[in-house]
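Note: the block below is upload_39.cif and it holds mmCIF, C-alpha atoms.
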```cif
data_final
#
loop_
_atom_site.label_atom_id
_atom_site.label_comp_id
_atom_site.auth_asym_id
_atom_site.auth_seq_id
_atom_site.Cartn_x
_atom_site.Cartn_y
_atom_site.Cartn_z
CA MET A 13 0.00 0.00 0.00
CA ASN A 14 1.54 3.31 -1.05
CA GLN A 15 1.07 5.96 1.56
CA LYS A 16 0.73 9.56 0.55
CA VAL A 17 3.93 11.49 1.18
CA ILE A 18 3.23 14.73 3.04
CA THR A 19 5.92 17.41 3.39
CA LYS A 20 5.97 20.80 5.09
CA GLU A 21 8.90 23.19 5.47
CA ILE A 22 9.90 26.61 6.81
CA ASP A 23 13.05 28.67 6.96
CA LEU A 24 14.69 28.45 10.40
CA ASN A 25 17.72 30.71 10.89
CA GLY A 26 18.52 30.70 7.19
CA ARG A 27 18.46 26.89 7.07
CA LYS A 28 15.52 24.85 5.77
CA LEU A 29 13.54 22.90 8.40
CA LYS A 30 11.51 20.15 6.74
CA LEU A 31 9.04 17.55 8.06
CA GLU A 32 8.03 14.56 5.95
CA THR A 33 5.89 11.48 6.52
CA GLY A 34 4.72 8.59 4.34
CA LYS A 35 8.10 7.38 3.02
CA LEU A 36 9.87 5.62 5.88
CA ALA A 37 8.73 3.31 8.72
CA ASN A 38 5.11 3.13 7.61
CA GLN A 39 4.43 0.22 10.00
CA ALA A 40 4.85 2.56 12.98
CA ASP A 41 1.82 4.43 14.36
CA ALA A 42 3.56 7.58 13.11
CA ALA A 43 6.94 8.28 11.55
CA VAL A 44 8.44 11.64 10.63
CA VAL A 45 11.69 12.38 8.85
CA ALA A 46 12.83 15.80 10.07
CA SER A 47 15.71 17.62 8.40
CA TRP A 48 17.42 20.90 9.19
CA GLY A 49 20.14 21.85 6.74
CA GLU A 50 21.82 18.50 6.06
CA THR A 51 21.12 17.07 9.53
CA VAL A 52 18.37 14.42 9.32
CA VAL A 53 16.55 12.38 11.98
CA LEU A 54 13.79 9.77 11.83
CA ALA A 55 11.27 9.90 14.71
CA THR A 56 8.82 7.03 15.17
CA VAL A 57 5.96 6.50 17.64
CA ALA A 58 4.33 3.19 18.59
CA SER A 59 1.92 2.25 21.38
CA GLN A 60 0.33 -0.88 22.81
CA PRO A 61 -2.12 -1.66 25.62
CA LEU A 62 -0.64 -2.20 29.09
CA LYS A 63 -0.53 -5.75 30.42
CA GLU A 64 -0.55 -4.46 34.01
CA ASP A 65 -0.73 -1.04 35.64
CA LEU A 66 2.83 -0.09 36.57
CA GLY A 67 1.89 2.89 38.72
CA TYR A 68 3.63 5.31 36.34
CA PHE A 69 3.30 6.29 32.68
CA PRO A 70 5.33 3.74 30.66
CA LEU A 71 6.92 6.03 28.09
CA SER A 72 10.27 4.99 26.65
CA VAL A 73 12.32 7.42 24.59
CA GLU A 74 15.36 6.16 22.74
CA TYR A 75 17.83 8.43 20.95
CA VAL A 76 19.98 6.40 18.57
CA GLU A 77 23.19 7.70 17.00
CA LYS A 78 24.80 5.63 14.26
CA TYR A 79 28.38 5.80 13.05
CA TYR A 80 27.19 6.32 9.48
CA ALA A 81 25.36 9.52 10.46
CA GLY A 82 28.70 11.30 10.64
CA GLY A 83 30.01 9.48 7.56
CA ARG A 84 32.46 7.59 9.79
CA ILE A 85 33.97 4.21 9.03
CA SER A 86 36.47 4.10 11.82
CA SER A 87 38.92 1.47 10.58
CA SER A 88 39.84 -0.45 7.47
CA ARG A 89 37.46 -3.13 8.70
CA PHE A 90 33.94 -1.83 8.73
CA ILE A 91 32.38 -1.95 12.23
CA LYS A 92 29.79 -4.70 12.11
CA ARG A 93 28.32 -3.86 15.49
CA GLU A 94 27.37 -0.51 16.89
CA SER A 95 28.68 0.01 20.43
CA LYS A 96 26.54 1.04 23.41
CA PRO A 97 24.89 4.49 23.24
CA SER A 98 27.25 7.38 23.95
CA ASP A 99 26.69 9.50 27.08
CA GLU A 100 25.48 12.29 24.82
CA ALA A 101 22.90 10.01 23.17
CA VAL A 102 21.58 8.92 26.59
CA LEU A 103 21.35 12.56 27.75
CA ASN A 104 19.61 13.63 24.53
CA GLY A 105 17.07 10.84 25.00
CA ARG A 106 16.39 12.08 28.54
CA LEU A 107 16.13 15.67 27.32
CA ILE A 108 13.42 14.68 24.83
CA ASP A 109 11.68 12.46 27.42
CA ARG A 110 11.49 15.31 29.96
CA SER A 111 10.06 17.64 27.32
CA ILE A 112 7.28 15.40 25.98
CA ARG A 113 6.29 13.43 29.12
CA PRO A 114 4.25 16.18 30.91
CA LEU A 115 1.95 16.60 27.89
CA PHE A 116 0.42 13.10 27.94
CA PRO A 117 -3.07 12.96 29.51
CA LYS A 118 -2.92 11.55 33.07
CA GLU A 119 -5.75 9.10 32.30
CA PHE A 120 -4.06 7.62 29.21
CA LYS A 121 -2.72 4.19 30.17
CA GLN A 122 -0.80 2.67 27.28
CA GLU A 123 2.80 1.82 26.69
CA VAL A 124 4.30 4.43 24.35
CA GLN A 125 7.64 4.13 22.59
CA VAL A 126 9.36 7.03 20.84
CA ILE A 127 12.56 6.30 18.90
CA ILE A 128 14.68 9.05 17.35
CA THR A 129 17.34 7.77 14.95
CA VAL A 130 19.98 10.21 13.70
CA LEU A 131 20.44 9.50 9.98
CA SER A 132 22.86 12.28 9.08
CA ILE A 133 24.78 15.09 10.78
CA ASP A 134 26.14 18.10 8.88
CA GLN A 135 28.33 19.33 11.79
CA ALA A 136 26.42 22.65 11.84
CA ASN A 137 22.85 21.88 12.97
CA ASP A 138 22.57 20.01 16.26
CA PRO A 139 20.49 16.81 16.02
CA ASP A 140 19.14 17.10 19.61
CA ILE A 141 16.94 20.09 18.70
CA LEU A 142 15.84 18.32 15.52
CA GLY A 143 15.19 15.11 17.49
CA LEU A 144 12.72 16.91 19.74
CA ILE A 145 11.04 18.63 16.77
CA GLY A 146 10.74 15.23 15.02
CA ALA A 147 9.35 13.55 18.15
CA SER A 148 6.87 16.41 18.64
CA ALA A 149 5.68 16.14 15.03
CA ALA A 150 5.44 12.32 15.17
CA LEU A 151 3.40 12.41 18.40
CA SER A 152 1.16 15.15 16.97
CA ILE A 153 0.24 13.13 13.86
CA SER A 154 0.03 9.78 15.71
CA SER A 155 -3.09 8.22 17.23
CA VAL A 156 -1.58 8.68 20.71
CA PRO A 157 -3.35 11.41 22.75
CA TRP A 158 -0.86 14.18 23.48
CA HIS A 159 -1.33 17.85 24.39
CA GLY A 160 1.34 19.14 22.01
CA PRO A 161 2.86 20.20 19.78
CA LEU A 162 6.11 21.43 21.26
CA GLY A 163 8.56 23.79 19.64
CA THR A 164 12.12 24.21 20.78
CA ALA A 165 15.05 26.60 20.54
CA ARG A 166 18.58 26.78 21.85
CA VAL A 167 20.02 30.11 22.95
CA GLY A 168 23.70 30.98 23.28
CA GLU A 169 25.41 34.20 24.37
CA ALA A 170 28.70 35.67 23.22
CA GLU A 171 30.09 39.21 23.62
CA GLY A 172 26.85 40.40 25.25
CA LYS A 173 24.66 39.24 22.34
CA LEU A 174 22.12 36.42 22.41
CA MET A 175 22.30 33.85 19.58
CA VAL A 176 19.19 31.79 18.79
CA ASN A 177 19.82 28.29 17.42
CA PRO A 178 23.57 28.81 17.01
CA THR A 179 25.54 26.35 14.88
CA ILE A 180 27.61 23.70 16.68
CA GLU A 181 30.73 25.82 16.03
CA GLU A 182 29.13 29.03 17.40
CA LEU A 183 28.02 27.16 20.51
CA GLU A 184 31.62 26.20 21.33
CA ASN A 185 32.45 29.90 21.90
CA SER A 186 29.23 30.64 23.80
CA ASN A 187 28.95 31.54 27.50
CA LEU A 188 25.49 30.00 27.65
CA ASP A 189 23.82 26.84 26.38
CA LEU A 190 20.11 27.21 27.07
CA PHE A 191 17.69 24.61 25.68
CA VAL A 192 13.98 25.48 25.95
CA ALA A 193 10.92 23.45 24.90
CA SER A 194 7.62 25.35 24.71
CA THR A 195 3.99 25.14 23.68
CA HIS A 196 2.14 28.22 22.36
CA GLU A 197 1.32 29.33 25.91
CA LYS A 198 3.96 27.90 28.21
CA VAL A 199 7.56 26.91 28.63
CA VAL A 200 7.54 23.16 29.36
CA MET A 201 11.21 22.25 29.90
CA ILE A 202 14.48 24.12 30.40
CA GLU A 203 17.98 22.72 30.44
CA THR A 204 20.93 25.04 30.69
CA LYS A 205 24.60 25.37 31.45
CA GLY A 206 26.59 28.57 31.45
CA LYS A 207 29.75 30.36 32.52
CA GLN A 208 28.64 32.76 35.28
CA VAL A 209 25.83 34.28 33.22
CA SER A 210 23.50 36.76 34.93
CA ASP A 211 19.88 35.89 35.74
CA GLU A 212 18.68 38.69 33.42
CA VAL A 213 20.49 37.16 30.44
CA VAL A 214 19.04 33.71 31.17
CA LEU A 215 15.51 35.13 31.57
CA GLN A 216 15.87 37.09 28.32
CA GLY A 217 17.13 33.89 26.66
CA ILE A 218 14.08 31.93 27.84
CA LYS A 219 11.71 34.61 26.48
CA GLU A 220 13.59 34.71 23.18
CA ALA A 221 13.55 30.90 22.90
CA HIS A 222 9.78 30.78 23.56
CA ALA A 223 9.16 33.40 20.86
CA LYS A 224 11.41 31.65 18.33
CA SER A 225 9.70 28.29 18.99
CA GLN A 226 6.33 29.57 17.74
CA PRO A 227 6.99 29.17 13.97
CA ILE A 228 8.01 25.54 14.63
CA ILE A 229 4.76 24.90 16.53
CA ASP A 230 2.79 26.50 13.65
CA LEU A 231 4.65 24.27 11.18
CA ILE A 232 3.81 21.10 13.17
CA GLU A 233 0.16 22.19 13.49
CA ALA A 234 -0.10 22.70 9.71
CA PHE A 235 1.63 19.34 9.18
CA THR A 236 -0.81 17.63 11.61
CA LYS A 237 -3.85 19.08 9.80
CA GLU A 238 -2.78 17.18 6.69
CA ALA A 239 -1.14 14.08 8.12
CA GLY A 240 -2.79 13.61 11.55
CA LYS A 241 -4.56 10.40 12.56
CA GLU A 242 -7.66 10.25 14.74
CA LYS A 243 -6.60 10.14 18.41
CA GLN A 244 -7.31 7.04 20.52
CA ALA A 245 -10.16 7.30 23.03
CA TYR A 246 -9.17 6.83 26.69
#
```
As C-alpha cells, how would this structure be written, given the file I've shared?
Amino acid sequence: MNQKVITKEIDLNGRKLKLETGKLANQADAAVVASWGETVVLATVASQPLKEDLGYFPLSVEYVEKYYAGGRISSSRFIKRESKPSDEAVLNGRLIDRSIRPLFPKEFKQEVQVIITVLSIDQANDPDILGLIGASAALSISSVPWHGPLGTARVGEAEGKLMVNPTIEELENSNLDLFVASTHEKVVMIETKGKQVSDEVVLQGIKEAHAKSQPIIDLIEAFTKEAGKEKQAY
C-alpha cells in the first residue's frame, strides 16, 4: 500500500527545516523524517495496551546515534556492530523524554515508545533540537493522545549578544547553552549550562527561545492538519 507522502517546510535561521511522513517506517503508528540543513533524523511513535498497571506512565524514549550519520567508518574493517549508546545520546534521550512526558493525559494508560534515529549530521545543525522537533511532530500526527505540539530553541550568548539556534561551532564559543521546549502558551522544559551568566540574560534567553519556537509549533500544526490520525479514546 503506497502511503501519501506529506511534506511541510519553513526557513529556520537561514536553514531549511523540513518535516516529511509517508516514506519511511510506515508500519509505525507515526513516523516523521525531520531535516534541518543536512542534519536528518527519523522519529517514530508506537503504542500498545498495558498488560498491568505499573503505577507510572510507561513512556520509553530512545535516541539512537549511528556511526554512518557522521560518515564515519572508523577502521579499514567496517564496524559490524554498533557500540553502546554514547553518554550524549543517553542525555539527549532524557532531554526529549522530559520535554514530551508532561503533555500526555494523566488518564491515558498505554505503553508508548518514541525512537529518534539520527540518519545524518552536517556538523552545523545540532540533532538534539531536531530530534525533539521530530518527536513532537510524530506524536502530533500519531493516534496517541498528546497535548502538544512542542517547539524548541537553543540560545547561546557571546560578547553580550544572544544567539538563537547557534551552529555547533558558534556554541563552542558561547557563554550560555540554554535549551527550551515550549507550547504556544507555556515553557515546558528548560535545560541550561553557562559560565557565570547573569539571571537577566538567562531570563531574556528563555523569552527569546519561547518566541522563536512559535513558527516551529505553527509548522507542526499545519503538518498535523494534513497528516494527523484520529486520536485514541481513553
Proximity to Arg27 of chain A - best of A:Ile180, A:Val76, A:Ala136, A:Ile127, all atoms listed in the file: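 Looking only at the distances to Arg27 of chain A, the closest residue turns out to be A:Ala136.
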Residue IDs satisfying the PyMOL selection byres ((chain A and resi 172) around 12), as a list of chain:residue names: A:Gly168, A:Glu169, A:Ala170, A:Glu171, A:Lys173, A:Leu174, A:Met175, A:Ser186, A:Asn187, A:Leu188, A:Val209, A:Ser210, A:Glu212, A:Val213, A:Val214, A:Gln216, A:Gly217
Please measure the separation of atom CA of Lys121 of chain A and atom CA of Thr195 of chain A, giving the value in Å to one decimal.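 So the two atoms, atom CA of Lys121 of chain A and atom CA of Thr195 of chain A, lie 22.9 Å apart.
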Looking at A:Pro117, A:Pro157, A:Gly49, A:Asp140, which one is nearest to Glu100 of chain A, with distances taken over all atoms listed in the file? A:Asp140
Residue by residue, what does the PyMOL selection byres ((chain A and resi 159) around 9) grab here? Present the result as a list in words.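 Taken over the shown coordinates, the PyMOL selection byres ((chain A and resi 159) around 9) returns Pro114, Leu115, Phe116, Pro117, Ser152, Pro157, Trp158, Gly160, Pro161 and Leu162 of chain A.
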For the PyMOL selection byres ((chain A and resi 50-65) around 8), applied here, can you spell out every residue it catches as a PyMOL selection string? chain A and resi 37+40-49+66-68+121-135+137-139+142-143+146-147+150-151+154+156
Can I get the selection written as a PDB file, in the coordinates of the input, with C-alpha atoms?
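New file again.pdb:
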```
ATOM      1  CA  ALA A  37       8.730   3.310   8.720  1.00  0.00           C
ATOM      2  CA  ALA A  40       4.850   2.560  12.980  1.00  0.00           C
ATOM      3  CA  ASP A  41       1.820   4.430  14.360  1.00  0.00           C
ATOM      4  CA  ALA A  42       3.560   7.580  13.110  1.00  0.00           C
ATOM      5  CA  ALA A  43       6.940   8.280  11.550  1.00  0.00           C
ATOM      6  CA  VAL A  44       8.440  11.640  10.630  1.00  0.00           C
ATOM      7  CA  VAL A  45      11.690  12.380   8.850  1.00  0.00           C
ATOM      8  CA  ALA A  46      12.830  15.800  10.070  1.00  0.00           C
ATOM      9  CA  SER A  47      15.710  17.620   8.400  1.00  0.00           C
ATOM     10  CA  TRP A  48      17.420  20.900   9.190  1.00  0.00           C
ATOM     11  CA  GLY A  49      20.140  21.850   6.740  1.00  0.00           C
ATOM     12  CA  LEU A  66       2.830  -0.090  36.570  1.00  0.00           C
ATOM     13  CA  GLY A  67       1.890   2.890  38.720  1.00  0.00           C
ATOM     14  CA  TYR A  68       3.630   5.310  36.340  1.00  0.00           C
ATOM     15  CA  LYS A 121      -2.720   4.190  30.170  1.00  0.00           C
ATOM     16  CA  GLN A 122      -0.800   2.670  27.280  1.00  0.00           C
ATOM     17  CA  GLU A 123       2.800   1.820  26.690  1.00  0.00           C
ATOM     18  CA  VAL A 124       4.300   4.430  24.350  1.00  0.00           C
ATOM     19  CA  GLN A 125       7.640   4.130  22.590  1.00  0.00           C
ATOM     20  CA  VAL A 126       9.360   7.030  20.840  1.00  0.00           C
ATOM     21  CA  ILE A 127      12.560   6.300  18.900  1.00  0.00           C
ATOM     22  CA  ILE A 128      14.680   9.050  17.350  1.00  0.00           C
ATOM     23  CA  THR A 129      17.340   7.770  14.950  1.00  0.00           C
ATOM     24  CA  VAL A 130      19.980  10.210  13.700  1.00  0.00           C
ATOM     25  CA  LEU A 131      20.440   9.500   9.980  1.00  0.00           C
ATOM     26  CA  SER A 132      22.860  12.280   9.080  1.00  0.00           C
ATOM     27  CA  ILE A 133      24.780  15.090  10.780  1.00  0.00           C
ATOM     28  CA  ASP A 134      26.140  18.100   8.880  1.00  0.00           C
ATOM     29  CA  GLN A 135      28.330  19.330  11.790  1.00  0.00           C
ATOM     30  CA  ASN A 137      22.850  21.880  12.970  1.00  0.00           C
ATOM     31  CA  ASP A 138      22.570  20.010  16.260  1.00  0.00           C
ATOM     32  CA  PRO A 139      20.490  16.810  16.020  1.00  0.00           C
ATOM     33  CA  LEU A 142      15.840  18.320  15.520  1.00  0.00           C
ATOM     34  CA  GLY A 143      15.190  15.110  17.490  1.00  0.00           C
ATOM     35  CA  GLY A 146      10.740  15.230  15.020  1.00  0.00           C
ATOM     36  CA  ALA A 147       9.350  13.550  18.150  1.00  0.00           C
ATOM     37  CA  ALA A 150       5.440  12.320  15.170  1.00  0.00           C
ATOM     38  CA  LEU A 151       3.400  12.410  18.400  1.00  0.00           C
ATOM     39  CA  SER A 154       0.030   9.780  15.710  1.00  0.00           C
ATOM     40  CA  VAL A 156      -1.580   8.680  20.710  1.00  0.00           C
TER      41      VAL A 156
END
```
Rounded to one decimal in Å, what is the spacing between atom CA of Ala193 of chain A and atom CA of Arg110 of chain A?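 So the two atoms, atom CA of Ala193 of chain A and atom CA of Arg110 of chain A, lie 9.6 Å apart.
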One decimal, Å: what's the distance from atom CA of Lys96 of chain A over to atom CA of Tyr75 of chain A, could you say? 11.7 Å
Which residue gives the smallest distance to Asp109 of chain A among A:Ser155, A:Thr19, A:Ser72, A:Gln208, with only C-alpha atoms counted? A:Ser72
Once you add 8 Å to each side, what are the centre and edge lengths of the axis-aligned box holding all listed atoms of segment 210-217 of chain A? One decimal in Å, as AutoDock Vina command-line options, if you can.
```
--center_x 19.5 --center_y 36.2 --center_z 31.2 --size_x 24.0 --size_y 21.0 --size_z 25.1
```
With distances taken over only C-alpha atoms, which of A:Asp99, A:Glu77, A:Glu197, A:Asp211 is nearest to Ser225 of chain A?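 Comparing A:Asp99, A:Glu77, A:Glu197, A:Asp211 against Ser225 of chain A, the winner is A:Glu197.
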Return the single residue from A:Ala239, A:Met201, A:Ile18, A:Ile232 that is closest to Arg106 of chain A, with distances computed using all atoms listed in the file.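 For Arg106 of chain A, the nearest of the given residues is A:Met201.
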Which one of A:Leu24, A:Val199, A:Val17, A:Ile218 sits closest to Asn177 of chain A if you count only C-alpha atoms?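 Nearest candidate to Asn177 of chain A out of A:Leu24, A:Val199, A:Val17, A:Ile218: A:Leu24.
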